[in-house]
>>> print(open('protein-v9.cif').read())   # mmCIF, C-alpha atoms (C1' of nucleotides)
data_query
#
loop_
_atom_site.label_atom_id
_atom_site.label_comp_id
_atom_site.auth_asym_id
_atom_site.auth_seq_id
_atom_site.Cartn_x
_atom_site.Cartn_y
_atom_site.Cartn_z
CA MET A 1 -108.26 -52.28 -139.33
CA PRO A 2 -106.05 -54.79 -137.59
CA ALA A 3 -107.43 -56.57 -134.60
CA ALA A 4 -105.10 -57.51 -131.74
CA SER A 5 -105.99 -61.10 -131.22
CA THR A 6 -104.60 -63.17 -128.39
CA SER A 7 -105.55 -66.51 -129.82
CA LEU A 8 -104.29 -69.41 -127.77
CA CYS A 9 -102.28 -71.94 -129.66
CA CYS A 10 -99.16 -74.09 -129.37
CA PRO A 11 -100.77 -76.07 -126.57
CA PRO A 12 -98.78 -79.01 -125.29
CA ALA A 13 -95.33 -78.27 -126.71
CA GLU A 14 -92.50 -80.39 -125.41
CA PRO A 15 -91.98 -80.80 -121.70
CA THR A 16 -88.70 -82.50 -122.52
CA PRO A 17 -85.61 -80.34 -122.04
CA PRO A 18 -82.89 -82.54 -123.47
CA VAL A 19 -79.60 -82.22 -121.67
CA PRO A 20 -76.32 -81.67 -123.49
CA THR A 21 -73.69 -84.36 -123.55
CA ASP A 22 -70.03 -83.53 -123.97
CA ALA A 23 -68.39 -80.21 -123.23
CA ALA A 24 -67.75 -79.05 -126.78
CA GLU A 25 -71.32 -79.66 -127.81
CA ALA A 26 -72.64 -77.93 -124.73
CA ASN A 27 -70.53 -74.91 -125.58
CA ALA A 28 -71.78 -74.92 -129.13
CA HIS A 29 -75.35 -75.25 -128.02
CA LEU A 30 -75.05 -72.48 -125.47
CA ALA A 31 -73.38 -70.26 -128.04
CA ARG A 32 -76.15 -70.91 -130.52
CA LEU A 33 -78.86 -70.02 -128.05
CA ALA A 34 -76.95 -66.99 -126.81
CA LYS A 35 -76.51 -65.84 -130.39
CA ALA A 36 -80.25 -66.01 -130.88
CA LEU A 37 -80.66 -63.59 -127.98
CA ALA A 38 -77.72 -61.41 -128.94
CA HIS A 39 -80.02 -58.63 -130.12
CA PRO A 40 -82.31 -56.48 -127.99
CA ALA A 41 -85.19 -56.89 -130.40
CA ARG A 42 -85.07 -60.67 -130.12
CA VAL A 43 -84.94 -60.49 -126.35
CA ALA A 44 -87.96 -58.24 -126.44
CA ILE A 45 -89.78 -60.61 -128.76
CA LEU A 46 -89.08 -63.59 -126.56
CA ARG A 47 -90.30 -61.69 -123.52
CA LEU A 48 -93.45 -60.69 -125.35
CA LEU A 49 -94.18 -64.27 -126.25
CA VAL A 50 -93.56 -65.36 -122.68
CA GLN A 51 -95.82 -62.70 -121.19
CA ARG A 52 -98.80 -63.25 -123.42
CA GLU A 53 -98.46 -66.94 -123.16
CA GLY A 54 -100.88 -67.08 -125.98
CA CYS A 55 -99.19 -66.37 -129.26
CA ILE A 56 -98.85 -63.16 -131.15
CA VAL A 57 -98.33 -62.30 -134.72
CA GLY A 58 -98.12 -58.79 -136.06
CA ASP A 59 -98.70 -57.53 -132.56
CA VAL A 60 -94.97 -57.92 -132.24
CA VAL A 61 -94.50 -55.53 -135.12
CA ASP A 62 -96.65 -52.93 -133.38
CA GLU A 63 -94.63 -53.38 -130.23
CA LEU A 64 -91.24 -52.86 -131.81
CA PRO A 65 -89.84 -49.86 -133.68
CA LEU A 66 -88.86 -52.02 -136.62
CA ALA A 67 -90.22 -52.76 -140.04
CA GLN A 68 -92.35 -55.82 -140.55
CA SER A 69 -89.75 -57.55 -142.65
CA THR A 70 -87.11 -56.97 -140.02
CA VAL A 71 -89.29 -58.43 -137.30
CA SER A 72 -89.97 -61.39 -139.52
CA GLN A 73 -86.26 -62.03 -139.83
CA HIS A 74 -85.76 -61.87 -136.09
CA LEU A 75 -88.59 -64.31 -135.64
CA LYS A 76 -86.90 -66.56 -138.16
CA GLN A 77 -83.69 -66.54 -136.18
CA LEU A 78 -85.46 -67.32 -132.95
CA ARG A 79 -87.24 -70.15 -134.69
CA ALA A 80 -84.02 -71.46 -136.21
CA ALA A 81 -82.54 -71.58 -132.73
CA GLY A 82 -85.53 -73.57 -131.57
CA LEU A 83 -86.58 -70.99 -129.01
CA ILE A 84 -89.96 -70.30 -130.55
CA ARG A 85 -92.39 -72.06 -132.79
CA GLY A 86 -94.85 -70.71 -135.29
CA GLU A 87 -97.87 -72.29 -136.79
CA VAL A 88 -100.16 -70.93 -139.42
CA ASP A 89 -103.60 -69.88 -138.23
CA GLY A 90 -105.56 -68.69 -141.20
CA PRO A 91 -104.01 -65.64 -142.76
CA ARG A 92 -101.89 -65.03 -139.69
CA VAL A 93 -99.12 -66.93 -138.04
CA CYS A 94 -99.11 -67.76 -134.38
CA TYR A 95 -95.80 -67.76 -132.55
CA CYS A 96 -95.11 -69.06 -129.10
CA VAL A 97 -92.17 -69.96 -126.98
CA GLU A 98 -90.69 -73.41 -126.91
CA PRO A 99 -90.50 -73.95 -123.16
CA GLY A 100 -88.04 -76.78 -123.41
CA ALA A 101 -85.50 -74.74 -125.31
CA VAL A 102 -85.84 -71.80 -122.95
CA SER A 103 -85.36 -73.93 -119.88
CA LEU A 104 -82.43 -75.66 -121.52
CA PHE A 105 -80.89 -72.27 -122.14
CA LYS A 106 -81.46 -71.31 -118.53
CA ALA A 107 -79.87 -74.54 -117.38
CA LEU A 108 -76.86 -74.07 -119.61
CA VAL A 109 -76.34 -70.53 -118.38
CA ALA A 110 -76.85 -71.51 -114.77
CA GLY A 111 -74.20 -74.17 -115.28
CA LEU A 112 -71.55 -71.61 -116.08
CA MET B 1 -40.09 -73.14 -122.79
CA PRO B 2 -43.43 -71.86 -121.63
CA ALA B 3 -44.46 -72.60 -118.11
CA ALA B 4 -48.15 -73.15 -117.32
CA SER B 5 -48.58 -70.88 -114.34
CA THR B 6 -51.74 -70.75 -112.31
CA SER B 7 -50.94 -67.52 -110.56
CA LEU B 8 -53.75 -66.26 -108.42
CA CYS B 9 -54.88 -62.75 -109.14
CA CYS B 10 -57.97 -60.63 -109.40
CA PRO B 11 -58.66 -61.20 -105.74
CA PRO B 12 -61.59 -59.32 -104.33
CA ALA B 13 -63.42 -58.28 -107.49
CA GLU B 14 -66.84 -56.84 -107.07
CA PRO B 15 -69.38 -58.62 -104.94
CA THR B 16 -71.94 -56.18 -106.28
CA PRO B 17 -74.17 -57.53 -109.01
CA PRO B 18 -76.06 -54.44 -110.06
CA VAL B 19 -79.64 -55.05 -111.04
CA PRO B 20 -81.16 -53.69 -114.23
CA THR B 21 -83.75 -50.97 -114.10
CA ASP B 22 -86.25 -50.55 -116.89
CA ALA B 23 -87.26 -53.15 -119.42
CA ALA B 24 -85.55 -51.74 -122.47
CA GLU B 25 -82.25 -51.43 -120.70
CA ALA B 26 -82.55 -54.90 -119.28
CA ASN B 27 -83.11 -56.23 -122.78
CA ALA B 28 -80.12 -54.33 -124.09
CA HIS B 29 -77.94 -55.55 -121.27
CA LEU B 30 -79.01 -59.13 -121.69
CA ALA B 31 -78.44 -58.90 -125.43
CA ARG B 32 -74.97 -57.49 -124.88
CA LEU B 33 -74.01 -60.28 -122.52
CA ALA B 34 -75.56 -62.91 -124.74
CA LYS B 35 -73.67 -61.54 -127.70
CA ALA B 36 -70.44 -61.92 -125.79
CA LEU B 37 -71.20 -65.61 -125.40
CA ALA B 38 -72.53 -66.06 -128.92
CA HIS B 39 -69.42 -67.94 -129.99
CA PRO B 40 -68.29 -71.37 -128.80
CA ALA B 41 -64.74 -70.19 -128.28
CA ARG B 42 -65.84 -67.47 -125.91
CA VAL B 43 -68.00 -69.87 -123.97
CA ALA B 44 -65.02 -72.19 -123.70
CA ILE B 45 -62.81 -69.34 -122.54
CA LEU B 46 -65.25 -68.28 -119.87
CA ARG B 47 -65.54 -71.83 -118.65
CA LEU B 48 -61.77 -72.15 -118.53
CA LEU B 49 -61.51 -69.03 -116.44
CA VAL B 50 -64.21 -70.26 -114.12
CA GLN B 51 -62.63 -73.68 -113.65
CA ARG B 52 -59.14 -72.52 -112.91
CA GLU B 53 -60.41 -69.81 -110.66
CA GLY B 54 -56.94 -68.46 -110.80
CA CYS B 55 -56.31 -66.65 -114.03
CA ILE B 56 -54.80 -67.86 -117.23
CA VAL B 57 -53.00 -66.21 -120.04
CA GLY B 58 -51.65 -68.01 -123.03
CA ASP B 59 -52.86 -71.24 -121.53
CA VAL B 60 -56.10 -70.35 -123.22
CA VAL B 61 -54.33 -70.30 -126.54
CA ASP B 62 -52.99 -73.78 -125.94
CA GLU B 63 -56.45 -74.96 -125.04
CA LEU B 64 -58.17 -73.67 -128.16
CA PRO B 65 -57.56 -74.51 -131.80
CA LEU B 66 -57.20 -70.85 -132.69
CA ALA B 67 -54.39 -68.47 -133.41
CA GLN B 68 -53.08 -66.28 -130.64
CA SER B 69 -54.43 -63.13 -132.21
CA THR B 70 -57.86 -64.64 -132.58
CA VAL B 71 -57.95 -65.65 -128.94
CA SER B 72 -56.87 -62.16 -128.01
CA GLN B 73 -59.81 -60.72 -129.87
CA HIS B 74 -62.23 -63.04 -128.15
CA LEU B 75 -60.76 -62.02 -124.82
CA LYS B 76 -61.24 -58.43 -125.82
CA GLN B 77 -64.90 -58.98 -126.52
CA LEU B 78 -65.43 -60.74 -123.24
CA ARG B 79 -63.69 -57.89 -121.47
CA ALA B 80 -65.71 -55.27 -123.34
CA ALA B 81 -68.85 -57.00 -122.15
CA GLY B 82 -67.54 -56.86 -118.61
CA LEU B 83 -67.56 -60.60 -118.18
CA ILE B 84 -63.84 -60.91 -117.54
CA ARG B 85 -61.06 -58.69 -116.36
CA GLY B 86 -57.38 -58.70 -117.22
CA GLU B 87 -54.51 -57.19 -115.38
CA VAL B 88 -50.90 -57.09 -116.39
CA ASP B 89 -48.56 -59.33 -114.44
CA GLY B 90 -45.08 -58.79 -115.71
CA PRO B 91 -44.75 -59.89 -119.30
CA ARG B 92 -48.01 -61.79 -119.13
CA VAL B 93 -51.60 -60.79 -118.63
CA CYS B 94 -53.84 -62.39 -116.09
CA TYR B 95 -57.48 -62.86 -116.94
CA CYS B 96 -60.23 -63.83 -114.61
CA VAL B 97 -63.97 -63.82 -114.51
CA GLU B 98 -65.96 -60.91 -113.17
CA PRO B 99 -68.29 -62.78 -110.85
CA GLY B 100 -70.77 -59.94 -110.66
CA ALA B 101 -71.28 -59.79 -114.38
CA VAL B 102 -71.67 -63.54 -114.65
CA SER B 103 -74.24 -63.69 -111.90
CA LEU B 104 -76.05 -60.74 -113.41
CA PHE B 105 -76.18 -62.62 -116.68
CA LYS B 106 -77.53 -65.68 -114.91
CA ALA B 107 -80.15 -63.57 -113.19
CA LEU B 108 -81.22 -61.92 -116.41
CA VAL B 109 -81.54 -65.25 -118.18
CA ALA B 110 -83.35 -66.81 -115.26
CA GLY B 111 -85.78 -63.91 -115.41
CA LEU B 112 -86.88 -64.78 -118.90
"C1'" DG C 1 -113.70 -64.62 -159.02
"C1'" DC C 2 -111.46 -60.45 -156.82
"C1'" DC C 3 -109.44 -57.78 -153.35
"C1'" DA C 4 -107.51 -56.73 -148.89
"C1'" DT C 5 -104.84 -58.49 -145.15
"C1'" DT C 6 -101.02 -60.95 -143.25
"C1'" DC C 7 -96.69 -62.65 -143.25
"C1'" DA C 8 -92.38 -64.48 -145.55
"C1'" DT C 9 -88.92 -63.91 -148.81
"C1'" DC C 10 -85.87 -61.34 -152.09
"C1'" DG C 11 -82.66 -57.93 -153.19
"C1'" DT C 12 -79.72 -54.45 -151.52
"C1'" DA C 13 -76.67 -51.61 -148.72
"C1'" DT C 14 -73.88 -50.94 -144.66
"C1'" DA C 15 -71.67 -52.66 -140.61
"C1'" DT C 16 -69.80 -56.07 -137.78
"C1'" DC C 17 -67.77 -60.74 -137.00
"C1'" DG C 18 -64.17 -64.26 -137.25
"C1'" DA C 19 -60.05 -65.72 -138.75
"C1'" DC C 20 -55.23 -65.23 -139.86
"C1'" DG C 21 -50.32 -63.40 -140.37
"C1'" DA C 22 -47.47 -59.57 -139.43
"C1'" DT C 23 -46.17 -55.99 -136.61
"C1'" DG C 24 -45.65 -53.44 -132.29
"C1'" DA C 25 -45.37 -52.54 -127.27
"C1'" DA C 26 -44.08 -54.04 -122.55
"C1'" DC C 27 -41.44 -56.67 -119.59
"C1'" DG C 28 -37.72 -59.92 -117.53
"C1'" DC C 29 -33.29 -61.64 -117.95
"C1'" DT C 30 -28.41 -61.77 -118.94
"C1'" DA D 1 -27.92 -52.55 -123.95
"C1'" DG D 2 -29.69 -56.26 -126.19
"C1'" DC D 3 -32.65 -60.38 -126.64
"C1'" DG D 4 -36.52 -63.45 -126.14
"C1'" DT D 5 -41.14 -63.99 -124.40
"C1'" DT D 6 -45.84 -62.54 -124.06
"C1'" DC D 7 -49.65 -60.35 -125.50
"C1'" DA D 8 -52.30 -56.64 -128.11
"C1'" DT D 9 -53.15 -54.30 -132.24
"C1'" DC D 10 -53.24 -53.57 -137.37
"C1'" DG D 11 -54.52 -54.76 -141.91
"C1'" DT D 12 -56.96 -57.84 -144.65
"C1'" DC D 13 -60.20 -61.15 -146.33
"C1'" DG D 14 -64.59 -63.62 -146.72
"C1'" DA D 15 -68.83 -64.48 -144.30
"C1'" DT D 16 -72.60 -63.01 -141.60
"C1'" DA D 17 -75.79 -59.61 -139.30
"C1'" DT D 18 -79.07 -55.80 -139.52
"C1'" DA D 19 -82.00 -52.90 -141.62
"C1'" DC D 20 -85.24 -51.46 -145.20
"C1'" DG D 21 -88.53 -51.38 -149.28
"C1'" DA D 22 -90.52 -54.19 -152.72
"C1'" DT D 23 -92.38 -58.32 -154.10
"C1'" DG D 24 -94.67 -62.82 -153.57
"C1'" DA D 25 -97.64 -66.54 -151.45
"C1'" DA D 26 -101.64 -67.87 -148.68
"C1'" DT D 27 -105.95 -66.90 -146.72
"C1'" DG D 28 -110.63 -64.88 -145.62
"C1'" DG D 29 -114.35 -61.94 -146.94
"C1'" DC D 30 -117.11 -59.50 -150.59
#
>>> encode(input="protein-v9.cif", output="structure tokens")
Amino acid sequence: MPAASTSLCCPPAEPTPPVPTDAAEANAHLARLAKALAHPARVAILRLLVQREGCIVGDVVDELPLAQSTVSQHLKQLRAAGLIRGEVDGPRVCYCVEPGAVSLFKALVAGL
Amino acid sequence: MPAASTSLCCPPAEPTPPVPTDAAEANAHLARLAKALAHPARVAILRLLVQREGCIVGDVVDELPLAQSTVSQHLKQLRAAGLIRGEVDGPRVCYCVEPGAVSLFKALVAGL
DNA sequence: GCCATTCATCGTATATCGACGATGAACGCT
DNA sequence: AGCGTTCATCGTCGATATACGATGAATGGC
């Protein structure tokens, strides 16, 4: 029987939202972050991780109408974009948002 | 000889940024807009159209290192997402940003 | 040690993306 | 009418995305 644990992890993270430099790189960076959120499931995952500021694991799988492997791939893409971070906690893996990357994304979008 | 015209068009547009309703639809909408900006070229195009608040046509082609047909496809995607609008002006087509869609995108991202 | 649980990865199939050249449609001009 | 310009669309190619089931690696509990 799976237990829905809301273990708190990923404590300090990085309070440093690095700013982009030249225009082309800013475009590329914005495009990369936008691509990571170019799928409803990934938007939902990010929102989940923001809400329960603690981290979740397979709770995400229960929340989405997708197979476990599919969710794992979406998590991988979000992690590759730097939007979330996952660290192993026993048999499970704890994911949480990377606040710096999210705020950088917000800043880039606001700067449009 | 092509002339770089900065004709002003797309005047009033819509001052109405409609707000999303339920969560799933908001996610889908955000994903759709993010997908439209999931490529550096499209980000660059949108920025171009924002800068020269007048509209541009093949000036975009000159600005990007892409073939004319490729740029046309990117414009099509941006238009399908509702981020820009194009209206025919004689032999050329005038594109401009859809301010409502852009601000909706900003609001959705800010609400993450 | 052995087994169940949890998650990632692999392999696969289908669909879409991104790029280009070539073609086609619409318009202005002479 | 005919021509050149401007832009969209078509057809094609390789690469990537999305989804799934099946398999594999790591861990905790018996």
>>> interface_residues(input="protein-v9.cif", of="chain D", to="chain B", cutoff="9 Å", atoms="only C-alpha atoms (C1' of nucleotides)", output="compact mmCIF listing (two decimals) with C-alpha atoms (C1' of nucleotides), in the coordinates of the input")
# COMPACT_ATOMS: atom_id res chain seq x y z
C1' DT D 5 -41.14 -63.99 -124.40
C1' DT D 6 -45.84 -62.54 -124.06
C1' DC D 7 -49.65 -60.35 -125.50
C1' DA D 8 -52.30 -56.64 -128.11
C1' DT D 9 -53.15 -54.30 -132.24
>>> calpha_fit_and_write(input="protein-v9.cif", fixed="chain B", moving="chain A", output="PDB file with C-alpha atoms, in the frame of the given file")
ATOM      1  CA  MET A   1     -40.251 -73.138-123.130  1.00  0.00           C
ATOM      2  CA  PRO A   2     -43.549 -71.819-121.867  1.00  0.00           C
ATOM      3  CA  ALA A   3     -44.509 -72.585-118.331  1.00  0.00           C
ATOM      4  CA  ALA A   4     -48.176 -73.122-117.460  1.00  0.00           C
ATOM      5  CA  SER A   5     -48.556 -70.894-114.487  1.00  0.00           C
ATOM      6  CA  THR A   6     -51.707 -70.752-112.419  1.00  0.00           C
ATOM      7  CA  SER A   7     -50.898 -67.535-110.659  1.00  0.00           C
ATOM      8  CA  LEU A   8     -53.696 -66.310-108.451  1.00  0.00           C
ATOM      9  CA  CYS A   9     -54.816 -62.799-109.103  1.00  0.00           C
ATOM     10  CA  CYS A  10     -57.954 -60.673-109.384  1.00  0.00           C
ATOM     11  CA  PRO A  11     -58.669 -61.220-105.704  1.00  0.00           C
ATOM     12  CA  PRO A  12     -61.631 -59.339-104.315  1.00  0.00           C
ATOM     13  CA  ALA A  13     -63.434 -58.299-107.499  1.00  0.00           C
ATOM     14  CA  GLU A  14     -66.895 -56.876-107.068  1.00  0.00           C
ATOM     15  CA  PRO A  15     -69.470 -58.722-105.026  1.00  0.00           C
ATOM     16  CA  THR A  16     -72.016 -56.227-106.294  1.00  0.00           C
ATOM     17  CA  PRO A  17     -74.272 -57.508-109.072  1.00  0.00           C
ATOM     18  CA  PRO A  18     -76.143 -54.378-110.064  1.00  0.00           C
ATOM     19  CA  VAL A  19     -79.705 -55.022-111.094  1.00  0.00           C
ATOM     20  CA  PRO A  20     -81.192 -53.629-114.291  1.00  0.00           C
ATOM     21  CA  THR A  21     -83.863 -50.983-114.166  1.00  0.00           C
ATOM     22  CA  ASP A  22     -86.371 -50.579-116.960  1.00  0.00           C
ATOM     23  CA  ALA A  23     -87.353 -53.212-119.483  1.00  0.00           C
ATOM     24  CA  ALA A  24     -85.628 -51.788-122.542  1.00  0.00           C
ATOM     25  CA  GLU A  25     -82.335 -51.453-120.746  1.00  0.00           C
ATOM     26  CA  ALA A  26     -82.608 -54.937-119.326  1.00  0.00           C
ATOM     27  CA  ASN A  27     -83.147 -56.268-122.824  1.00  0.00           C
ATOM     28  CA  ALA A  28     -80.172 -54.356-124.110  1.00  0.00           C
ATOM     29  CA  HIS A  29     -78.009 -55.544-121.283  1.00  0.00           C
ATOM     30  CA  LEU A  30     -79.050 -59.150-121.702  1.00  0.00           C
ATOM     31  CA  ALA A  31     -78.458 -58.914-125.433  1.00  0.00           C
ATOM     32  CA  ARG A  32     -75.006 -57.492-124.876  1.00  0.00           C
ATOM     33  CA  LEU A  33     -74.016 -60.258-122.509  1.00  0.00           C
ATOM     34  CA  ALA A  34     -75.556 -62.918-124.726  1.00  0.00           C
ATOM     35  CA  LYS A  35     -73.657 -61.511-127.683  1.00  0.00           C
ATOM     36  CA  ALA A  36     -70.431 -61.878-125.756  1.00  0.00           C
ATOM     37  CA  LEU A  37     -71.177 -65.583-125.368  1.00  0.00           C
ATOM     38  CA  ALA A  38     -72.507 -66.031-128.882  1.00  0.00           C
ATOM     39  CA  HIS A  39     -69.388 -67.917-129.944  1.00  0.00           C
ATOM     40  CA  PRO A  40     -68.262 -71.346-128.769  1.00  0.00           C
ATOM     41  CA  ALA A  41     -64.708 -70.173-128.258  1.00  0.00           C
ATOM     42  CA  ARG A  42     -65.805 -67.439-125.870  1.00  0.00           C
ATOM     43  CA  VAL A  43     -67.969 -69.854-123.935  1.00  0.00           C
ATOM     44  CA  ALA A  44     -65.000 -72.156-123.658  1.00  0.00           C
ATOM     45  CA  ILE A  45     -62.782 -69.319-122.499  1.00  0.00           C
ATOM     46  CA  LEU A  46     -65.234 -68.245-119.845  1.00  0.00           C
ATOM     47  CA  ARG A  47     -65.527 -71.812-118.607  1.00  0.00           C
ATOM     48  CA  LEU A  48     -61.764 -72.126-118.476  1.00  0.00           C
ATOM     49  CA  LEU A  49     -61.480 -69.003-116.395  1.00  0.00           C
ATOM     50  CA  VAL A  50     -64.208 -70.224-114.075  1.00  0.00           C
ATOM     51  CA  GLN A  51     -62.636 -73.643-113.587  1.00  0.00           C
ATOM     52  CA  ARG A  52     -59.133 -72.495-112.833  1.00  0.00           C
ATOM     53  CA  GLU A  53     -60.375 -69.770-110.635  1.00  0.00           C
ATOM     54  CA  GLY A  54     -56.899 -68.454-110.776  1.00  0.00           C
ATOM     55  CA  CYS A  55     -56.265 -66.629-113.998  1.00  0.00           C
ATOM     56  CA  ILE A  56     -54.767 -67.846-117.202  1.00  0.00           C
ATOM     57  CA  VAL A  57     -53.002 -66.207-120.022  1.00  0.00           C
ATOM     58  CA  GLY A  58     -51.638 -68.018-123.026  1.00  0.00           C
ATOM     59  CA  ASP A  59     -52.842 -71.242-121.500  1.00  0.00           C
ATOM     60  CA  VAL A  60     -56.091 -70.346-123.177  1.00  0.00           C
ATOM     61  CA  VAL A  61     -54.328 -70.305-126.511  1.00  0.00           C
ATOM     62  CA  ASP A  62     -52.997 -73.809-125.908  1.00  0.00           C
ATOM     63  CA  GLU A  63     -56.468 -74.962-124.998  1.00  0.00           C
ATOM     64  CA  LEU A  64     -58.183 -73.670-128.104  1.00  0.00           C
ATOM     65  CA  PRO A  65     -57.590 -74.514-131.764  1.00  0.00           C
ATOM     66  CA  LEU A  66     -57.219 -70.861-132.653  1.00  0.00           C
ATOM     67  CA  ALA A  67     -54.392 -68.495-133.361  1.00  0.00           C
ATOM     68  CA  GLN A  68     -53.088 -66.305-130.592  1.00  0.00           C
ATOM     69  CA  SER A  69     -54.385 -63.149-132.179  1.00  0.00           C
ATOM     70  CA  THR A  70     -57.831 -64.637-132.536  1.00  0.00           C
ATOM     71  CA  VAL A  71     -57.929 -65.653-128.897  1.00  0.00           C
ATOM     72  CA  SER A  72     -56.811 -62.184-127.963  1.00  0.00           C
ATOM     73  CA  GLN A  73     -59.748 -60.717-129.831  1.00  0.00           C
ATOM     74  CA  HIS A  74     -62.196 -63.020-128.107  1.00  0.00           C
ATOM     75  CA  LEU A  75     -60.729 -62.039-124.783  1.00  0.00           C
ATOM     76  CA  LYS A  76     -61.180 -58.423-125.780  1.00  0.00           C
ATOM     77  CA  GLN A  77     -64.845 -58.966-126.481  1.00  0.00           C
ATOM     78  CA  LEU A  78     -65.404 -60.724-123.199  1.00  0.00           C
ATOM     79  CA  ARG A  79     -63.643 -57.882-121.457  1.00  0.00           C
ATOM     80  CA  ALA A  80     -65.665 -55.269-123.322  1.00  0.00           C
ATOM     81  CA  ALA A  81     -68.814 -56.991-122.125  1.00  0.00           C
ATOM     82  CA  GLY A  82     -67.514 -56.821-118.585  1.00  0.00           C
ATOM     83  CA  LEU A  83     -67.523 -60.576-118.126  1.00  0.00           C
ATOM     84  CA  ILE A  84     -63.808 -60.880-117.514  1.00  0.00           C
ATOM     85  CA  ARG A  85     -61.010 -58.686-116.339  1.00  0.00           C
ATOM     86  CA  GLY A  86     -57.348 -58.710-117.183  1.00  0.00           C
ATOM     87  CA  GLU A  87     -54.450 -57.232-115.371  1.00  0.00           C
ATOM     88  CA  VAL A  88     -50.849 -57.147-116.390  1.00  0.00           C
ATOM     89  CA  ASP A  89     -48.526 -59.408-114.429  1.00  0.00           C
ATOM     90  CA  GLY A  90     -45.038 -58.915-115.721  1.00  0.00           C
ATOM     91  CA  PRO A  91     -44.727 -59.955-119.321  1.00  0.00           C
ATOM     92  CA  ARG A  92     -47.996 -61.846-119.157  1.00  0.00           C
ATOM     93  CA  VAL A  93     -51.555 -60.817-118.630  1.00  0.00           C
ATOM     94  CA  CYS A  94     -53.788 -62.421-116.075  1.00  0.00           C
ATOM     95  CA  TYR A  95     -57.455 -62.836-116.904  1.00  0.00           C
ATOM     96  CA  CYS A  96     -60.219 -63.808-114.563  1.00  0.00           C
ATOM     97  CA  VAL A  97     -63.953 -63.793-114.475  1.00  0.00           C
ATOM     98  CA  GLU A  98     -65.947 -60.892-113.169  1.00  0.00           C
ATOM     99  CA  PRO A  99     -68.308 -62.733-110.841  1.00  0.00           C
ATOM    100  CA  GLY A 100     -70.769 -59.900-110.642  1.00  0.00           C
ATOM    101  CA  ALA A 101     -71.286 -59.752-114.374  1.00  0.00           C
ATOM    102  CA  VAL A 102     -71.672 -63.508-114.645  1.00  0.00           C
ATOM    103  CA  SER A 103     -74.242 -63.660-111.895  1.00  0.00           C
ATOM    104  CA  LEU A 104     -76.059 -60.715-113.409  1.00  0.00           C
ATOM    105  CA  PHE A 105     -76.187 -62.590-116.682  1.00  0.00           C
ATOM    106  CA  LYS A 106     -77.528 -65.651-114.918  1.00  0.00           C
ATOM    107  CA  ALA A 107     -80.162 -63.555-113.200  1.00  0.00           C
ATOM    108  CA  LEU A 108     -81.222 -61.908-116.428  1.00  0.00           C
ATOM    109  CA  VAL A 109     -81.532 -65.247-118.181  1.00  0.00           C
ATOM    110  CA  ALA A 110     -83.354 -66.817-115.271  1.00  0.00           C
ATOM    111  CA  GLY A 111     -85.784 -63.914-115.428  1.00  0.00           C
ATOM    112  CA  LEU A 112     -86.886 -64.810-118.920  1.00  0.00           C
TER     113      LEU A 112
END
>>> resolve_selection(input="protein-v9.cif", expression="the PyMOL selection byres ((chain B and resi 102) around 12)", output="number ranges by chain")
A: 109-112; B: 14-18, 30, 33-34, 36-37, 43, 46-47, 49-50, 78-79, 81-85, 96-101, 103-109
>>> atom_distance(input="protein-v9.cif", atom1="CA of Ala26 (chain A)", atom2="CA of Pro40 (chain A)")
23.8 Å
>>> residues_around(input="protein-v9.cif", residues="DG11 (chain C)", least_positions_apart="2", cutoff="10 Å", atoms="all atoms listed in the file", output="tab-separated table (two decimals) with C-alpha atoms (C1' of nucleotides), in the coordinates of the input")
chain	number	residue	atom	x	y	z
C	9	DT	C1'	-88.92	-63.91	-148.81
C	13	DA	C1'	-76.67	-51.61	-148.72
D	21	DG	C1'	-88.53	-51.38	-149.28
D	22	DA	C1'	-90.52	-54.19	-152.72
D	23	DT	C1'	-92.38	-58.32	-154.10
>>> interface_residues(input="protein-v9.cif", of="chain C", to="chain A", cutoff="10 Å", atoms="only C-alpha atoms (C1' of nucleotides)", output="PyMOL selection string")
chain C and resi 5-9
>>> atom_distance(input="protein-v9.cif", atom1="CA of Ala38 (chain A)", atom2="CA of Ala24 (chain B)")
14.0 Å
